[in-house]
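Coordinates from input.csv are shown below (CSV, C-alpha atoms and all ligand atoms).
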```
chain,number,residue,atom,x,y,z
A,150,MET,CA,65.4,15.1,-19.8
A,151,VAL,CA,63.3,18.0,-18.8
A,152,LYS,CA,60.2,17.0,-16.7
A,153,ILE,CA,57.2,19.2,-17.4
A,154,LEU,CA,54.1,19.0,-15.3
A,155,ALA,CA,50.9,20.6,-16.7
A,156,ILE,CA,48.2,21.3,-14.2
A,157,ASN,CA,44.9,22.1,-15.9
A,158,GLY,CA,41.8,23.5,-14.1
A,159,SER,CA,39.4,23.4,-17.0
A,160,TYR,CA,36.0,21.6,-16.4
A,161,ARG,CA,35.5,20.7,-20.1
A,162,ASP,CA,36.9,17.7,-22.0
A,163,ASN,CA,38.7,19.0,-25.1
A,164,GLY,CA,37.7,22.6,-24.5
A,165,ILE,CA,40.1,25.4,-25.5
A,166,THR,CA,42.2,25.1,-22.4
A,167,ASP,CA,42.6,21.3,-23.0
A,168,GLN,CA,43.5,22.0,-26.6
A,169,ALA,CA,46.1,24.6,-25.7
A,170,VAL,CA,47.6,22.4,-23.0
A,171,ASP,CA,47.6,19.4,-25.4
A,172,ALA,CA,49.3,21.4,-28.1
A,173,MET,CA,52.0,22.4,-25.7
A,174,ALA,CA,52.4,18.8,-24.4
A,175,ARG,CA,52.8,17.4,-27.9
A,176,THR,CA,55.4,20.0,-28.8
A,177,ALA,CA,57.3,19.5,-25.5
A,178,LYS,CA,57.3,15.7,-26.1
A,179,ALA,CA,58.5,16.1,-29.6
A,180,ALA,CA,61.4,18.2,-28.2
A,181,GLY,CA,62.3,15.3,-25.9
A,182,ALA,CA,60.7,16.4,-22.7
A,183,ASP,CA,58.9,14.1,-20.3
A,184,VAL,CA,55.4,15.6,-20.0
A,185,GLU,CA,52.6,14.7,-17.6
A,186,VAL,CA,49.2,16.5,-17.8
A,187,VAL,CA,47.1,16.5,-14.6
A,188,LEU,CA,43.4,17.3,-15.0
A,189,LEU,CA,42.2,18.8,-11.8
A,190,ARG,CA,38.6,17.8,-12.7
A,191,GLU,CA,39.7,14.1,-12.5
A,192,LEU,CA,41.4,14.4,-9.1
A,193,ALA,CA,39.8,14.2,-5.7
A,194,ILE,CA,41.2,17.3,-3.9
A,195,ASP,CA,39.4,18.5,-0.8
A,196,PHE,CA,39.1,22.1,0.4
A,197,CYS,CA,41.8,23.5,2.6
A,198,ARG,CA,40.6,23.7,6.2
A,199,ASN,CA,42.8,26.7,7.1
A,200,CYS,CA,44.1,24.7,10.1
A,201,ARG,CA,47.7,25.5,9.1
A,202,ALA,CA,49.0,22.2,10.5
A,203,CYS,CA,51.0,21.8,7.3
A,204,SER,CA,52.7,25.2,7.9
A,205,GLN,CA,54.0,24.9,11.4
A,206,GLU,CA,57.4,23.3,10.7
A,207,PRO,CA,60.2,25.2,8.9
A,208,GLY,CA,62.1,23.8,5.9
A,209,ASP,CA,62.2,24.2,2.1
A,210,VAL,CA,60.0,21.2,1.3
A,211,PRO,CA,56.2,21.3,1.6
A,212,SER,CA,54.7,19.5,4.6
A,213,GLU,CA,52.0,16.9,4.3
A,214,CYS,CA,48.4,17.7,4.9
A,215,PHE,CA,46.3,15.5,7.2
A,216,LEU,CA,43.7,15.2,4.4
A,217,ALA,CA,44.3,11.9,2.6
A,218,ASP,CA,43.3,12.8,-1.0
A,219,GLY,CA,44.9,13.4,-4.4
A,220,MET,CA,46.9,16.4,-3.2
A,221,GLY,CA,49.7,14.4,-1.6
A,222,GLU,CA,50.6,12.7,-4.9
A,223,LEU,CA,50.2,15.9,-6.8
A,224,VAL,CA,52.7,17.8,-4.5
A,225,GLN,CA,55.2,15.0,-5.1
A,226,LYS,CA,54.8,15.5,-8.8
A,227,ILE,CA,55.2,19.2,-8.4
A,228,GLU,CA,58.4,18.6,-6.5
A,229,ALA,CA,59.8,16.2,-9.1
A,230,ALA,CA,59.1,18.5,-12.1
A,231,ASP,CA,61.6,20.9,-13.6
A,232,ALA,CA,59.0,23.1,-15.3
A,233,TYR,CA,55.2,23.7,-15.4
A,234,ILE,CA,52.3,24.6,-17.5
A,235,LEU,CA,49.6,26.2,-15.3
A,236,ALA,CA,46.2,26.4,-17.0
A,237,SER,CA,42.8,27.6,-16.1
A,238,PRO,CA,39.8,29.1,-18.0
A,239,THR,CA,38.7,32.5,-16.7
A,240,ASN,CA,35.3,32.3,-14.9
A,241,PHE,CA,33.9,35.4,-13.4
A,242,GLY,CA,37.2,37.2,-13.9
A,243,ALA,CA,39.3,34.6,-12.1
A,244,ILE,CA,40.7,31.0,-12.2
A,245,THR,CA,38.1,28.3,-11.9
A,246,ALA,CA,37.0,27.1,-8.5
A,247,ILE,CA,38.8,23.8,-8.9
A,248,PHE,CA,42.0,25.6,-9.7
A,249,LYS,CA,41.5,27.9,-6.7
A,250,ARG,CA,40.8,24.9,-4.4
A,251,PHE,CA,44.1,23.4,-5.6
A,252,LEU,CA,45.9,26.7,-5.0
A,253,GLU,CA,44.6,27.1,-1.5
A,254,ARG,CA,46.0,23.6,-0.7
A,255,LEU,CA,49.5,24.9,-1.7
A,256,ILE,CA,49.6,26.6,1.7
A,257,CYS,CA,51.8,23.5,2.5
A,258,TYR,CA,54.5,25.5,0.6
A,259,GLY,CA,54.3,28.2,3.3
A,260,TYR,CA,56.0,28.3,6.7
A,261,TRP,CA,53.4,30.0,8.9
A,262,PRO,CA,53.7,29.1,12.6
A,263,TRP,CA,51.2,30.4,15.1
A,264,GLY,CA,52.4,33.7,16.4
A,265,THR,CA,53.3,35.1,13.0
A,266,HIS,CA,51.1,37.3,10.9
A,267,ILE,CA,52.0,36.1,7.4
A,268,PRO,CA,53.6,33.0,5.8
A,269,LYS,CA,57.1,32.8,4.5
A,270,PHE,CA,57.2,30.8,1.3
A,271,ARG,CA,59.5,27.8,1.5
A,272,LYS,CA,60.7,28.1,-2.1
A,273,VAL,CA,61.5,31.8,-1.9
A,274,ASN,CA,65.3,31.2,-2.1
A,275,ALA,CA,65.2,28.1,-4.2
A,276,PRO,CA,66.6,28.2,-7.7
A,277,LYS,CA,63.7,29.2,-9.9
A,278,LYS,CA,61.9,26.6,-12.1
A,279,LYS,CA,60.0,27.9,-15.1
A,280,ALA,CA,56.3,28.1,-15.7
A,281,VAL,CA,54.1,29.0,-18.6
A,282,LEU,CA,50.6,30.4,-17.8
A,283,VAL,CA,47.5,29.5,-19.9
A,284,SER,CA,44.0,30.8,-19.8
A,285,SER,CA,40.9,31.1,-22.0
A,286,CYS,CA,38.1,33.6,-21.9
A,287,ALA,CA,35.1,35.0,-23.8
A,288,ALA,CA,36.7,38.4,-23.9
A,289,PRO,CA,39.5,39.2,-26.4
A,290,GLY,CA,42.7,37.6,-25.1
A,291,ILE,CA,44.5,40.9,-24.5
A,292,MET,CA,41.7,42.1,-22.3
A,293,GLY,CA,41.5,38.9,-20.5
A,294,ARG,CA,45.2,39.0,-19.8
A,295,TRP,CA,45.2,42.5,-18.2
A,296,MET,CA,41.6,42.9,-16.9
A,297,TYR,CA,41.1,39.7,-15.0
A,298,GLY,CA,42.6,38.2,-11.9
A,299,THR,CA,43.5,34.9,-13.7
A,300,ARG,CA,47.0,35.8,-14.8
A,301,SER,CA,47.9,37.1,-11.3
A,302,GLN,CA,46.5,34.0,-9.7
A,303,LEU,CA,48.3,31.7,-12.0
A,304,LYS,CA,51.5,33.7,-11.3
A,305,THR,CA,50.9,33.3,-7.6
A,306,THR,CA,50.6,29.6,-8.1
A,307,ALA,CA,53.9,29.5,-10.0
A,308,LYS,CA,55.7,31.6,-7.3
A,309,THR,CA,54.3,29.4,-4.5
A,310,ILE,CA,55.8,26.2,-6.0
A,311,GLY,CA,59.1,27.9,-6.7
A,312,ALA,CA,58.7,28.8,-10.4
A,313,LYS,CA,59.0,32.0,-12.4
A,314,ALA,CA,56.4,32.8,-15.1
A,315,VAL,CA,58.3,33.0,-18.4
A,316,GLY,CA,55.3,33.3,-20.7
A,317,THR,CA,51.5,33.6,-20.9
A,318,LEU,CA,49.0,32.5,-23.4
A,319,PHE,CA,45.5,34.0,-23.1
A,320,VAL,CA,43.2,32.5,-25.7
A,321,GLY,CA,40.3,35.0,-26.1
A,322,LEU,CA,37.0,35.2,-28.1
A,323,ILE,CA,36.3,31.5,-27.6
A,324,ALA,CA,32.8,31.4,-26.2
A,325,LYS,CA,30.7,32.0,-29.3
A,326,GLU,CA,30.5,28.3,-30.5
A,327,ALA,CA,30.0,25.2,-28.4
A,328,ASP,CA,32.7,23.3,-30.3
A,329,VAL,CA,35.5,25.8,-30.6
A,330,ARG,CA,38.8,24.8,-32.2
A,331,LEU,CA,42.2,26.3,-31.4
A,332,SER,CA,43.2,28.4,-34.4
A,333,ASP,CA,46.5,27.6,-36.2
A,334,ARG,CA,47.8,31.0,-35.1
A,335,VAL,CA,47.2,30.3,-31.4
A,336,GLU,CA,48.5,26.7,-31.8
A,337,ARG,CA,51.8,28.2,-33.2
A,338,LYS,CA,51.9,30.6,-30.2
A,339,ALA,CA,51.4,27.7,-27.8
A,340,GLU,CA,54.2,25.7,-29.4
A,341,ALA,CA,56.5,28.7,-29.4
A,342,LEU,CA,56.0,29.2,-25.6
A,343,VAL,CA,57.1,25.6,-25.0
A,344,ALA,CA,60.6,26.6,-26.3
A,345,LYS,CA,60.9,28.6,-23.1
A,346,LEU,CA,60.5,25.5,-21.0
A,347,VAL,CA,62.6,22.8,-22.7
B,401,LIG,C1,30.5,30.4,-15.1
B,401,LIG,C2,31.3,31.1,-16.2
B,401,LIG,C3,31.9,32.3,-16.0
B,401,LIG,C4,32.6,32.9,-17.0
B,401,LIG,N1,33.2,34.1,-16.8
B,401,LIG,C5,33.9,34.8,-17.8
B,401,LIG,C6,34.4,36.0,-17.5
B,401,LIG,O1,34.3,36.6,-16.4
B,401,LIG,N2,35.1,36.6,-18.6
B,401,LIG,C7,35.3,36.0,-19.8
B,401,LIG,O2,35.9,36.6,-20.7
B,401,LIG,N3,34.8,34.8,-20.0
B,401,LIG,C8,34.1,34.1,-19.0
B,401,LIG,N4,33.5,32.9,-19.2
B,401,LIG,C9,33.9,32.2,-20.5
B,401,LIG,C10,34.9,31.1,-20.2
B,401,LIG,O3,36.2,31.8,-19.9
B,401,LIG,C11,35.1,30.1,-21.3
B,401,LIG,O4,33.8,29.4,-21.3
B,401,LIG,C12,36.2,29.2,-20.9
B,401,LIG,O5,37.4,29.9,-21.2
B,401,LIG,C13,36.1,27.9,-21.7
B,401,LIG,O6,37.2,27.2,-21.4
B,401,LIG,P1,37.3,25.6,-21.8
B,401,LIG,O7,37.1,25.7,-23.3
B,401,LIG,O8,38.6,25.1,-21.4
B,401,LIG,O9,36.1,25.0,-21.2
B,401,LIG,C14,32.8,32.3,-18.3
B,401,LIG,C15,32.1,31.0,-18.5
B,401,LIG,C16,31.4,30.5,-17.5
B,401,LIG,C17,30.7,29.1,-17.8
```
Can the structure in the file be given as structure tokens, please?
Ligand SMILES: Cc1cc2nc3c(=O)[nH]c(=O)nc-3n(C[C@H](O)[C@H](O)[C@H](O)COP(=O)(O)O)c2cc1C
Amino acid sequence: MVKILAINGSYRDNGITDQAVDAMARTAKAAGADVEVVLLRELAIDFCRNCRACSQEPGDVPSECFLADGMGELVQKIEAADAYILASPTNFGAITAIFKRFLERLICYGYWPWGTHIPKFRKVNAPKKKAVLVSSCAAPGIMGRWMYGTRSQLKTTAKTIGAKAVGTLFVGLIAKEADVRLSDRVERKAEALVAKLV
């Protein structure tokens, strides 16, 4: 059974990002996958301290951070999963602050001992898992996809944890109403993307 982990950086209960992720999760479950959705807004994750203690030892598995918070368990879930849904609304042209805070903590996936300028990513030679990237924005979806940093940041997240982005869903024009609903067309798109993961 394929294990899919969705990591969602939206702030809003049942906003468009939640709805898109939920549509994907439902479809994946119906196809027989084991799906878990992690809402970053419900998880206590502290800021990275840039101490690089987690990056000093070589190896292809992430090292533990000294901060005792929700990240340790989340990293275990990332390691156990076969595929990912990585989702964040676009705020000020980028992933949300809570998604960025999570991404910075993924430095535990880097081997970066003192004396070296840049990290080597531990999963660089690992067989690639698959990831689908999801975002939402006020701008039209096509603009959001290409104009903003969100897609590239979600892609970096996928790469860091050893995954290859196999599809992107950018849900645009969603900021006019307070209570926006995912259109049938976008829901079909979200469902179709799941086929790339299961
Ligand atoms: C602080 C803030 C910044 C935003 N910045 C942008 C932006 O730069 N470009 C854009 O198209 N939409 C922007 N938006 C609209 C959000 O992308 C939109 O509210 C979000 O996708 C809603 O996601 P949700 O339904 O999951 O809460 C912004 C919204 C907020 C509140």
Using all atoms listed in the file, which protein or nucleic acid residues come within 7 Å of Ser212 (chain A)? Drop anything in the same chain fewer than 3 positions from it, and give the result as number ranges by chain. A: 203-204, 257
If I take CA of Lys249 (chain A) and CA of Thr265 (chain A), how far is one from the other in Å, to one decimal? 24.1 Å
Identify which of the residues A:Glu326, A:Asp333, A:Glu340, A:Glu213 lies closest to ligand LIG 401 (chain B), counting all atoms listed in the file when measuring atom-to-atom distances.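 For ligand LIG 401 (chain B), the nearest of the candidates is A:Glu326.
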Determine the nearest neighbour of Tyr297 (chain A) from the options A:Phe241, A:Phe196, A:Tyr160, A:Tyr258, counting all atoms listed in the file. A:Phe241
Would you list the residues that come within 6 Å of ligand LIG 401 (chain B)? Count only C-alpha atoms and all ligand atoms and give the answer as a PyMOL selection string. chain A and resi 159-161+164-167+238-242+285-288+324
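A straight line drawn from CA of Val281 (chain A) to CA of Leu303 (chain A) is 9.2 Å long.
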Write out as JSON, numbers by chain the residues lying within 8 Å of Met220 (chain A), counting only C-alpha atoms and excluding same-chain residues fewer than 2 positions away. {"A": [193, 194, 217, 218, 222, 223, 224, 251, 254]}
Give me, as a PDB file with C-alpha atoms, keeping the file's coordinate frame, all polymer residues having an atom no more than 7 Å from Asp183 (chain A), counting only C-alpha atoms and skipping those fewer than 3 positions away in the same chain.
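Final output, saved to result.pdb:
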```
ATOM      1  CA  MET A 150      65.400  15.100 -19.800  1.00  0.00           C
ATOM      2  CA  VAL A 151      63.300  18.000 -18.800  1.00  0.00           C
ATOM      3  CA  LYS A 152      60.200  17.000 -16.700  1.00  0.00           C
ATOM      4  CA  ILE A 153      57.200  19.200 -17.400  1.00  0.00           C
ATOM      5  CA  LYS A 178      57.300  15.700 -26.100  1.00  0.00           C
TER       6      LYS A 178
END
```
Skipping near chain neighbours, those fewer than 2 positions away, what residues fall within 12 Å of Trp263 (chain A) using only C-alpha atoms, listed as JSON, numbers by chain? {"A": [200, 201, 202, 203, 204, 205, 206, 260, 261, 265, 266, 267, 268]}
If you keep C-alpha atoms, can you produce a file of those selected residues as a PDB file, in the frame of the given file?
```pdb
ATOM      1  CA  CYS A 200      44.100  24.700  10.100  1.00  0.00           C
ATOM      2  CA  ARG A 201      47.700  25.500   9.100  1.00  0.00           C
ATOM      3  CA  ALA A 202      49.000  22.200  10.500  1.00  0.00           C
ATOM      4  CA  CYS A 203      51.000  21.800   7.300  1.00  0.00           C
ATOM      5  CA  SER A 204      52.700  25.200   7.900  1.00  0.00           C
ATOM      6  CA  GLN A 205      54.000  24.900  11.400  1.00  0.00           C
ATOM      7  CA  GLU A 206      57.400  23.300  10.700  1.00  0.00           C
ATOM      8  CA  TYR A 260      56.000  28.300   6.700  1.00  0.00           C
ATOM      9  CA  TRP A 261      53.400  30.000   8.900  1.00  0.00           C
ATOM     10  CA  THR A 265      53.300  35.100  13.000  1.00  0.00           C
ATOM     11  CA  HIS A 266      51.100  37.300  10.900  1.00  0.00           C
ATOM     12  CA  ILE A 267      52.000  36.100   7.400  1.00  0.00           C
ATOM     13  CA  PRO A 268      53.600  33.000   5.800  1.00  0.00           C
TER      14      PRO A 268
END
```
Using all atoms listed in the file, can you tell me which of A:Leu252, A:Ala246, A:Ala327, A:Val210 comes closest to Ala275 (chain A)?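 For Ala275 (chain A), the nearest of the candidates is A:Val210.
Minimum distance to Arg334 (chain A) across A:Pro276, A:Ile234, A:Gly298, A:Ala172 (counting only C-alpha atoms) occurs at A:Ala172.
Taking CA of Leu235 (chain A) as the reference point, CA of Trp295 (chain A) is found at 17.1 Å.
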Show which residues sit within 10 Å of Ala180 (chain A), as a PyMOL selection string. Count all atoms listed in the file, and ignore same-chain residues fewer than 5 positions away. chain A and resi 150-151+174-175+343-344+347
